[in-house]
file query10.pdb (PDB, C-alpha atoms, pLDDT in the B column)
ATOM      1  CA  MET S 761      69.434  88.528  49.582  1.00 63.00           C
ATOM      2  CA  ALA S 762      66.832  89.375  46.936  1.00 76.00           C
ATOM      3  CA  LEU S 763      64.280  92.014  47.858  1.00 86.00           C
ATOM      4  CA  ASP S 764      60.614  91.074  47.681  1.00 91.00           C
ATOM      5  CA  GLY S 765      58.672  94.045  46.307  1.00 94.00           C
ATOM      6  CA  THR S 766      55.413  93.148  48.023  1.00 96.00           C
ATOM      7  CA  ARG S 767      57.137  92.610  51.392  1.00 96.00           C
ATOM      8  CA  THR S 768      58.977  95.919  50.960  1.00 97.00           C
ATOM      9  CA  LEU S 769      55.806  97.843  50.079  1.00 98.00           C
ATOM     10  CA  ARG S 770      53.927  96.365  53.027  1.00 98.00           C
ATOM     11  CA  GLY S 771      56.848  97.283  55.286  1.00 98.00           C
ATOM     12  CA  ALA S 772      56.730 100.850  53.960  1.00 98.00           C
ATOM     13  CA  LEU S 773      53.011 101.051  54.729  1.00 98.00           C
ATOM     14  CA  ALA S 774      53.627  99.725  58.237  1.00 98.00           C
ATOM     15  CA  GLY S 775      56.425 102.265  58.699  1.00 98.00           C
ATOM     16  CA  ALA S 776      54.234 105.167  57.589  1.00 98.00           C
ATOM     17  CA  ALA S 777      51.492 104.021  59.977  1.00 98.00           C
ATOM     18  CA  ALA S 778      54.017 103.732  62.820  1.00 98.00           C
ATOM     19  CA  ALA S 779      55.305 107.241  62.036  1.00 98.00           C
ATOM     20  CA  THR S 780      51.700 108.469  62.222  1.00 98.00           C
ATOM     21  CA  ALA S 781      51.385 106.926  65.700  1.00 98.00           C
ATOM     22  CA  TRP S 782      54.640 108.668  66.674  1.00 98.00           C
ATOM     23  CA  ILE S 783      53.262 112.048  65.563  1.00 98.00           C
ATOM     24  CA  ALA S 784      49.972 111.434  67.363  1.00 98.00           C
ATOM     25  CA  VAL S 785      51.765 110.728  70.654  1.00 98.00           C
ATOM     26  CA  GLN S 786      54.164 113.703  70.528  1.00 98.00           C
ATOM     27  CA  PRO S 787      51.860 116.177  72.350  1.00 97.00           C
ATOM     28  CA  LEU S 788      51.420 113.698  75.198  1.00 98.00           C
ATOM     29  CA  ASP S 789      55.085 112.722  75.496  1.00 97.00           C
ATOM     30  CA  LYS S 790      56.133 116.396  75.489  1.00 98.00           C
ATOM     31  CA  ARG S 791      54.148 116.752  78.716  1.00 98.00           C
ATOM     32  CA  LEU S 792      55.236 113.399  80.106  1.00 98.00           C
ATOM     33  CA  PHE S 793      58.943 114.125  79.608  1.00 98.00           C
ATOM     34  CA  ALA S 794      58.673 117.916  80.179  1.00 98.00           C
ATOM     35  CA  SER S 795      60.546 118.462  76.916  1.00 98.00           C
ATOM     36  CA  ARG S 796      59.523 120.504  73.898  1.00 97.00           C
ATOM     37  CA  TYR S 797      61.585 118.344  71.501  1.00 98.00           C
ATOM     38  CA  ASP S 798      59.432 117.776  68.410  1.00 98.00           C
ATOM     39  CA  ASP S 799      60.544 115.750  65.400  1.00 97.00           C
ATOM     40  CA  VAL S 800      57.993 117.319  63.050  1.00 98.00           C
ATOM     41  CA  GLU S 801      59.282 120.773  63.979  1.00 98.00           C
ATOM     42  CA  LEU S 802      62.916 119.720  63.610  1.00 98.00           C
ATOM     43  CA  LEU S 803      62.305 118.250  60.144  1.00 98.00           C
ATOM     44  CA  GLY S 804      59.808 120.867  58.979  1.00 98.00           C
ATOM     45  CA  LYS S 805      61.968 123.825  59.903  1.00 98.00           C
ATOM     46  CA  LEU S 806      64.867 122.161  58.142  1.00 97.00           C
ATOM     47  CA  ALA S 807      62.813 122.186  54.930  1.00 97.00           C
ATOM     48  CA  THR S 808      61.168 125.613  55.277  1.00 97.00           C
ATOM     49  CA  ARG S 809      61.132 128.465  57.732  1.00 94.00           C
ATOM     50  CA  GLY S 810      57.679 129.580  56.623  1.00 96.00           C
ATOM     51  CA  PRO S 811      54.228 128.626  57.920  1.00 97.00           C
ATOM     52  CA  ALA S 812      54.265 125.371  55.930  1.00 98.00           C
ATOM     53  CA  TRP S 813      56.829 123.765  58.263  1.00 98.00           C
ATOM     54  CA  PRO S 814      54.236 121.500  60.012  1.00 98.00           C
ATOM     55  CA  ALA S 815      53.109 120.015  56.681  1.00 98.00           C
ATOM     56  CA  ALA S 816      56.691 119.680  55.457  1.00 98.00           C
ATOM     57  CA  GLY S 817      57.815 118.093  58.725  1.00 98.00           C
ATOM     58  CA  THR S 818      54.915 115.652  58.696  1.00 98.00           C
ATOM     59  CA  ALA S 819      55.616 114.651  55.085  1.00 98.00           C
ATOM     60  CA  ILE S 820      59.329 114.134  55.767  1.00 98.00           C
ATOM     61  CA  HIS S 821      58.598 112.193  58.954  1.00 98.00           C
ATOM     62  CA  LEU S 822      56.107 109.896  57.198  1.00 98.00           C
ATOM     63  CA  GLY S 823      58.572 109.380  54.351  1.00 98.00           C
ATOM     64  CA  ASN S 824      61.321 108.490  56.819  1.00 98.00           C
ATOM     65  CA  GLY S 825      58.964 106.058  58.551  1.00 98.00           C
ATOM     66  CA  ALA S 826      58.064 104.430  55.234  1.00 98.00           C
ATOM     67  CA  LEU S 827      61.727 104.073  54.250  1.00 98.00           C
ATOM     68  CA  PHE S 828      62.607 102.649  57.662  1.00 98.00           C
ATOM     69  CA  GLY S 829      59.677 100.217  57.424  1.00 98.00           C
ATOM     70  CA  ALA S 830      60.728  99.057  53.947  1.00 98.00           C
ATOM     71  CA  VAL S 831      64.235  98.274  55.204  1.00 98.00           C
ATOM     72  CA  TYR S 832      62.884  96.670  58.364  1.00 98.00           C
ATOM     73  CA  ALA S 833      60.548  94.350  56.443  1.00 97.00           C
ATOM     74  CA  ASN S 834      63.521  92.855  54.623  1.00 96.00           C
ATOM     75  CA  VAL S 835      65.825  92.655  57.659  1.00 96.00           C
ATOM     76  CA  ALA S 836      63.342  91.470  60.304  1.00 95.00           C
ATOM     77  CA  PRO S 837      63.141  87.835  59.130  1.00 94.00           C
ATOM     78  CA  LEU S 838      66.915  87.585  59.589  1.00 94.00           C
ATOM     79  CA  MET S 839      66.896  88.841  63.178  1.00 95.00           C
ATOM     80  CA  PRO S 840      67.539  86.015  65.676  1.00 95.00           C
ATOM     81  CA  VAL S 841      65.106  87.375  68.290  1.00 95.00           C
ATOM     82  CA  PRO S 842      61.415  86.731  68.961  1.00 94.00           C
ATOM     83  CA  PRO S 843      59.175  88.490  66.421  1.00 94.00           C
ATOM     84  CA  ALA S 844      57.602  90.780  69.051  1.00 95.00           C
ATOM     85  CA  ALA S 845      61.042  92.170  69.964  1.00 97.00           C
ATOM     86  CA  ARG S 846      62.287  92.816  66.432  1.00 97.00           C
ATOM     87  CA  GLY S 847      60.563  96.155  65.763  1.00 98.00           C
ATOM     88  CA  PRO S 848      61.399  97.822  69.085  1.00 98.00           C
ATOM     89  CA  LEU S 849      64.998  96.552  68.989  1.00 98.00           C
ATOM     90  CA  PHE S 850      65.533  97.738  65.419  1.00 98.00           C
ATOM     91  CA  ALA S 851      64.055 101.184  66.138  1.00 98.00           C
ATOM     92  CA  LEU S 852      65.947 101.615  69.423  1.00 98.00           C
ATOM     93  CA  ALA S 853      69.193 100.602  67.717  1.00 98.00           C
ATOM     94  CA  GLU S 854      68.559 103.376  65.190  1.00 97.00           C
ATOM     95  CA  HIS S 855      67.886 105.814  68.038  1.00 98.00           C
ATOM     96  CA  VAL S 856      71.143 104.982  69.815  1.00 98.00           C
ATOM     97  CA  ALA S 857      73.141 105.068  66.574  1.00 98.00           C
ATOM     98  CA  LEU S 858      71.780 108.406  65.325  1.00 96.00           C
ATOM     99  CA  TRP S 859      71.291 110.380  68.549  1.00 97.00           C
ATOM    100  CA  PRO S 860      74.843 111.791  68.405  1.00 97.00           C
ATOM    101  CA  ALA S 861      73.815 113.541  65.158  1.00 95.00           C
ATOM    102  CA  GLY S 862      71.867 115.901  67.419  1.00 96.00           C
ATOM    103  CA  ARG S 863      75.156 117.786  67.787  1.00 97.00           C
ATOM    104  CA  LEU S 864      74.909 118.634  64.089  1.00 97.00           C
ATOM    105  CA  SER S 865      71.390 119.930  64.586  1.00 96.00           C
ATOM    106  CA  ASP S 866      72.507 122.022  67.557  1.00 97.00           C
ATOM    107  CA  ALA S 867      75.314 123.531  65.487  1.00 97.00           C
ATOM    108  CA  PHE S 868      73.929 123.840  61.950  1.00 97.00           C
ATOM    109  CA  HIS S 869      70.121 123.595  61.847  1.00 97.00           C
ATOM    110  CA  PRO S 870      68.707 126.765  60.267  1.00 97.00           C
ATOM    111  CA  ALA S 871      66.181 127.098  63.136  1.00 97.00           C
ATOM    112  CA  ARG S 872      68.570 126.041  65.919  1.00 97.00           C
ATOM    113  CA  GLU S 873      67.723 129.143  67.969  1.00 97.00           C
ATOM    114  CA  GLU S 874      64.048 128.059  68.067  1.00 96.00           C
ATOM    115  CA  LEU S 875      64.680 124.390  68.887  1.00 97.00           C
ATOM    116  CA  PRO S 876      65.708 122.768  72.156  1.00 97.00           C
ATOM    117  CA  VAL S 877      69.376 121.823  72.457  1.00 98.00           C
ATOM    118  CA  LEU S 878      69.732 118.058  72.046  1.00 97.00           C
ATOM    119  CA  THR S 879      73.350 117.576  73.116  1.00 97.00           C
ATOM    120  CA  GLY S 880      73.364 116.417  76.729  1.00 97.00           C
ATOM    121  CA  ASN S 881      69.580 116.717  76.996  1.00 98.00           C
ATOM    122  CA  ALA S 882      68.601 113.607  78.984  1.00 98.00           C
ATOM    123  CA  ARG S 883      64.875 114.404  78.813  1.00 98.00           C
ATOM    124  CA  ALA S 884      64.922 114.687  75.019  1.00 98.00           C
ATOM    125  CA  TRP S 885      66.997 111.488  74.786  1.00 98.00           C
ATOM    126  CA  ALA S 886      64.488 109.561  76.928  1.00 98.00           C
ATOM    127  CA  GLN S 887      61.595 111.120  75.000  1.00 98.00           C
ATOM    128  CA  ALA S 888      63.140 110.015  71.702  1.00 98.00           C
ATOM    129  CA  ALA S 889      63.794 106.530  73.106  1.00 98.00           C
ATOM    130  CA  PHE S 890      60.127 106.300  74.109  1.00 98.00           C
ATOM    131  CA  ARG S 891      59.058 107.423  70.623  1.00 98.00           C
ATOM    132  CA  HIS S 892      61.363 104.919  68.949  1.00 98.00           C
ATOM    133  CA  ALA S 893      60.109 102.079  71.150  1.00 98.00           C
ATOM    134  CA  LEU S 894      56.496 102.978  70.318  1.00 98.00           C
ATOM    135  CA  PHE S 895      57.339 103.304  66.628  1.00 98.00           C
ATOM    136  CA  GLY S 896      59.153  99.961  66.681  1.00 98.00           C
ATOM    137  CA  PHE S 897      56.309  98.177  68.420  1.00 98.00           C
ATOM    138  CA  VAL S 898      53.702  99.495  65.958  1.00 98.00           C
ATOM    139  CA  LEU S 899      55.978  98.853  62.977  1.00 98.00           C
ATOM    140  CA  GLY S 900      56.853  95.339  64.102  1.00 98.00           C
ATOM    141  CA  GLU S 901      53.267  94.300  64.748  1.00 97.00           C
ATOM    142  CA  LEU S 902      51.842  95.809  61.564  1.00 98.00           C
ATOM    143  CA  GLU S 903      54.635  94.476  59.375  1.00 97.00           C
ATOM    144  CA  ARG S 904      54.337  91.004  60.914  1.00 96.00           C
ATOM    145  CA  ARG S 905      50.600  90.963  60.252  1.00 96.00           C
ATOM    146  CA  LEU S 906      50.840  92.415  56.744  1.00 97.00           C
ATOM    147  CA  ASN S 907      53.656  90.082  55.704  1.00 94.00           C
ATOM    148  CA  ASP S 908      52.332  87.070  57.588  1.00 89.00           C
ATOM    149  CA  GLU S 909      53.855  83.922  56.209  1.00 70.00           C
ATOM    150  CA  PRO S 910      52.219  80.685  57.275  1.00 61.00           C
ATOM    151  CA  GLU S 911      54.382  78.129  59.000  1.00 51.00           C
ATOM    152  CA  PRO S 912      55.313  75.304  56.638  1.00 53.00           C
ATOM    153  CA  GLU S 913      53.088  72.295  57.163  1.00 61.00           C
ATOM    154  CA  LEU S 914      54.774  69.054  58.081  1.00 56.00           C
ATOM    155  CA  PRO S 915      53.849  66.020  56.028  1.00 65.00           C
ATOM    156  CA  ASP S 916      51.354  63.688  57.679  1.00 65.00           C
ATOM    157  CA  VAL S 917      53.502  60.563  57.795  1.00 61.00           C
ATOM    158  CA  GLU S 918      53.148  57.756  60.284  1.00 61.00           C
ATOM    159  CA  ALA S 919      56.515  57.279  61.891  1.00 54.00           C
ATOM    160  CA  PRO S 920      57.766  53.689  62.355  1.00 55.00           C
ATOM    161  CA  TYR S 921      58.765  54.404  65.936  1.00 54.00           C
ATOM    162  CA  SER S 922      57.231  55.329  69.230  1.00 56.00           C
ATOM    163  CA  SER S 923      58.022  58.148  71.583  1.00 59.00           C
ATOM    164  CA  ASN S 924      59.940  55.784  73.859  1.00 61.00           C
ATOM    165  CA  GLY S 925      62.564  55.261  71.180  1.00 60.00           C
ATOM    166  CA  HIS S 926      62.000  51.491  70.800  1.00 59.00           C
ATOM    167  CA  GLY S 927      59.942  51.510  67.643  1.00 59.00           C
ATOM    168  CA  SER S 928      56.381  50.592  66.929  1.00 56.00           C
ATOM    169  CA  LEU S 929      54.897  47.373  68.270  1.00 56.00           C
ATOM    170  CA  GLU S 930      53.151  46.944  64.925  1.00 58.00           C
ATOM    171  CA  HIS S 931      56.541  46.823  63.202  1.00 56.00           C
ATOM    172  CA  ALA S 932      58.026  44.576  65.883  1.00 54.00           C
ATOM    173  CA  VAL S 933      55.510  41.757  65.301  1.00 55.00           C
ATOM    174  CA  SER S 934      55.696  40.319  61.858  1.00 56.00           C
ATOM    175  CA  ALA S 935      52.537  38.942  60.287  1.00 58.00           C
ATOM    176  CA  GLU S 936      54.501  36.405  58.302  1.00 64.00           C
ATOM    177  CA  PRO S 937      56.558  33.665  59.877  1.00 62.00           C
ATOM    178  CA  THR S 938      60.287  33.737  59.284  1.00 62.00           C
ATOM    179  CA  ALA S 939      62.056  30.616  58.121  1.00 60.00           C
TER     180      ALA S 939
END

call {"tool": "encode", "arguments": {"input": "query10.pdb", "output": "structure tokens"}}
result
Amino acid sequence: MALDGTRTLRGALAGAAAATAWIAVQPLDKRLFASRYDDVELLGKLATRGPAWPAAGTAIHLGNGALFGAVYANVAPLMPVPPAARGPLFALAEHVALWPAGRLSDAFHPAREELPVLTGNARAWAQAAFRHALFGFVLGELERRLNDEPEPELPDVEAPYSSNGHGSLEHAVSAEPTA
């Protein structure tokens, strides 16, 4: 499958916008799920332990969203599900596939003592599932609108048959006598 640069770029923009929505919702979902799990903190404190971790985490998160959106834009048209379900399904599949990597964070992250434990943390898992579903919905809708492809138009041809399957009366009656 050949990659379409414009489709890919638009997908990246949709992914960055969806990642922005994710970040905007984090303070609310931390309260909703009673969990202090924060992706910006996790990513930012992986990059730096200094006061710049929020900026670093935001930049990494937006970059990840853009990369995910670029891939999604090229895969989505191949998904045999309704367009509205593609984004959430794709993002939730990524969540389920990568959640076990939380064990690595719990064991090796340089700021692991400051972060909530992810292994076996049902609240953080549900919180991340919520975030992925939101991300997927925003990504899917934006990408679909940005990469909108019109449905192919059918030719305007008069068919020589009727809906009852017996043909057209006009074709059944000949204007010229037969010999």

call {"tool": "resolve_selection", "arguments": {"input": "query10.pdb", "expression": "the PyMOL selection byres ((chain S and resi 768) around 10)", "output": "number ranges by chain"}}
result
S: 763-767, 769-774, 826-827, 829-834, 903, 907

call {"tool": "residues_near_point", "arguments": {"input": "query10.pdb", "point": "(61.4, 114.1, 74.2)", "cutoff": "10 Å", "atoms": "all atoms listed in the file", "output": "VMD selection string"}}
result
chain S and resid 786 to 787 789 to 799 876 878 881 to 891

call {"tool": "write_last_selection", "arguments": {"input": "query10.pdb", "atoms": "C-alpha atoms", "output": "PDB file, in the frame of the given file"}}
result
ATOM      1  CA  GLN S 786      54.164 113.703  70.528  1.00 98.00           C
ATOM      2  CA  PRO S 787      51.860 116.177  72.350  1.00 97.00           C
ATOM      3  CA  ASP S 789      55.085 112.722  75.496  1.00 97.00           C
ATOM      4  CA  LYS S 790      56.133 116.396  75.489  1.00 98.00           C
ATOM      5  CA  ARG S 791      54.148 116.752  78.716  1.00 98.00           C
ATOM      6  CA  LEU S 792      55.236 113.399  80.106  1.00 98.00           C
ATOM      7  CA  PHE S 793      58.943 114.125  79.608  1.00 98.00           C
ATOM      8  CA  ALA S 794      58.673 117.916  80.179  1.00 98.00           C
ATOM      9  CA  SER S 795      60.546 118.462  76.916  1.00 98.00           C
ATOM     10  CA  ARG S 796      59.523 120.504  73.898  1.00 97.00           C
ATOM     11  CA  TYR S 797      61.585 118.344  71.501  1.00 98.00           C
ATOM     12  CA  ASP S 798      59.432 117.776  68.410  1.00 98.00           C
ATOM     13  CA  ASP S 799      60.544 115.750  65.400  1.00 97.00           C
ATOM     14  CA  PRO S 876      65.708 122.768  72.156  1.00 97.00           C
ATOM     15  CA  LEU S 878      69.732 118.058  72.046  1.00 97.00           C
ATOM     16  CA  ASN S 881      69.580 116.717  76.996  1.00 98.00           C
ATOM     17  CA  ALA S 882      68.601 113.607  78.984  1.00 98.00           C
ATOM     18  CA  ARG S 883      64.875 114.404  78.813  1.00 98.00           C
ATOM     19  CA  ALA S 884      64.922 114.687  75.019  1.00 98.00           C
ATOM     20  CA  TRP S 885      66.997 111.488  74.786  1.00 98.00           C
ATOM     21  CA  ALA S 886      64.488 109.561  76.928  1.00 98.00           C
ATOM     22  CA  GLN S 887      61.595 111.120  75.000  1.00 98.00           C
ATOM     23  CA  ALA S 888      63.140 110.015  71.702  1.00 98.00           C
ATOM     24  CA  ALA S 889      63.794 106.530  73.106  1.00 98.00           C
ATOM     25  CA  PHE S 890      60.127 106.300  74.109  1.00 98.00           C
ATOM     26  CA  ARG S 891      59.058 107.423  70.623  1.00 98.00           C
TER      27      ARG S 891
END

call {"tool": "atom_distance", "arguments": {"input": "query10.pdb", "atom1": "CA of His821 in chain S", "atom2": "CA of Met839 in chain S"}}
result
25.1 Å

call {"tool": "atom_distance", "arguments": {"input": "query10.pdb", "atom1": "CA of Val841 in chain S", "atom2": "CA of Ala779 in chain S"}}
result
23.0 Å

call {"tool": "resolve_selection", "arguments": {"input": "query10.pdb", "expression": "the PyMOL selection byres ((chain S and resi 807) around 12)", "output": "count of residues only"}}
result
24

call {"tool": "atom_distance", "arguments": {"input": "query10.pdb", "atom1": "CA of Val898 in chain S", "atom2": "CA of Leu788 in chain S"}}
result
17.1 Å

call {"tool": "resolve_selection", "arguments": {"input": "query10.pdb", "expression": "the PyMOL selection byres ((chain S and resi 844) around 12)", "output": "count of residues only"}}
result
24

call {"tool": "closest_residue", "arguments": {"input": "query10.pdb", "among": "S:His855, S:His892, S:Arg872, S:Arg863", "to": "Trp782 in chain S", "atoms": "only C-alpha atoms"}}
result
S:His892

call {"tool": "residues_around", "arguments": {"input": "query10.pdb", "residues": "Ala781 in chain S", "least_positions_apart": "2", "cutoff": "8 Å", "atoms": "all atoms listed in the file", "output": "PDB file with C-alpha atoms, in the coordinates of the input"}}
result
ATOM      1  CA  ALA S 777      51.492 104.021  59.977  1.00 98.00           C
ATOM      2  CA  ALA S 778      54.017 103.732  62.820  1.00 98.00           C
ATOM      3  CA  ALA S 779      55.305 107.241  62.036  1.00 98.00           C
ATOM      4  CA  ILE S 783      53.262 112.048  65.563  1.00 98.00           C
ATOM      5  CA  ALA S 784      49.972 111.434  67.363  1.00 98.00           C
ATOM      6  CA  VAL S 785      51.765 110.728  70.654  1.00 98.00           C
ATOM      7  CA  LEU S 894      56.496 102.978  70.318  1.00 98.00           C
ATOM      8  CA  PHE S 895      57.339 103.304  66.628  1.00 98.00           C
ATOM      9  CA  VAL S 898      53.702  99.495  65.958  1.00 98.00           C
TER      10      VAL S 898
END

call {"tool": "axis_aligned_box", "arguments": {"input": "query10.pdb", "around": "range 856-862 of chain S", "padding_each_side": "8 Å", "output": "AutoDock Vina command-line options"}}
result
--center_x 73.0 --center_y 110.4 --center_z 67.5 --size_x 19.7 --size_y 26.9 --size_z 20.7

call {"tool": "closest_residue", "arguments": {"input": "query10.pdb", "among": "S:Ala853, S:Ala776, S:Leu858, S:Leu906", "to": "Gly823 in chain S", "atoms": "all atoms listed in the file"}}
result
S:Ala776
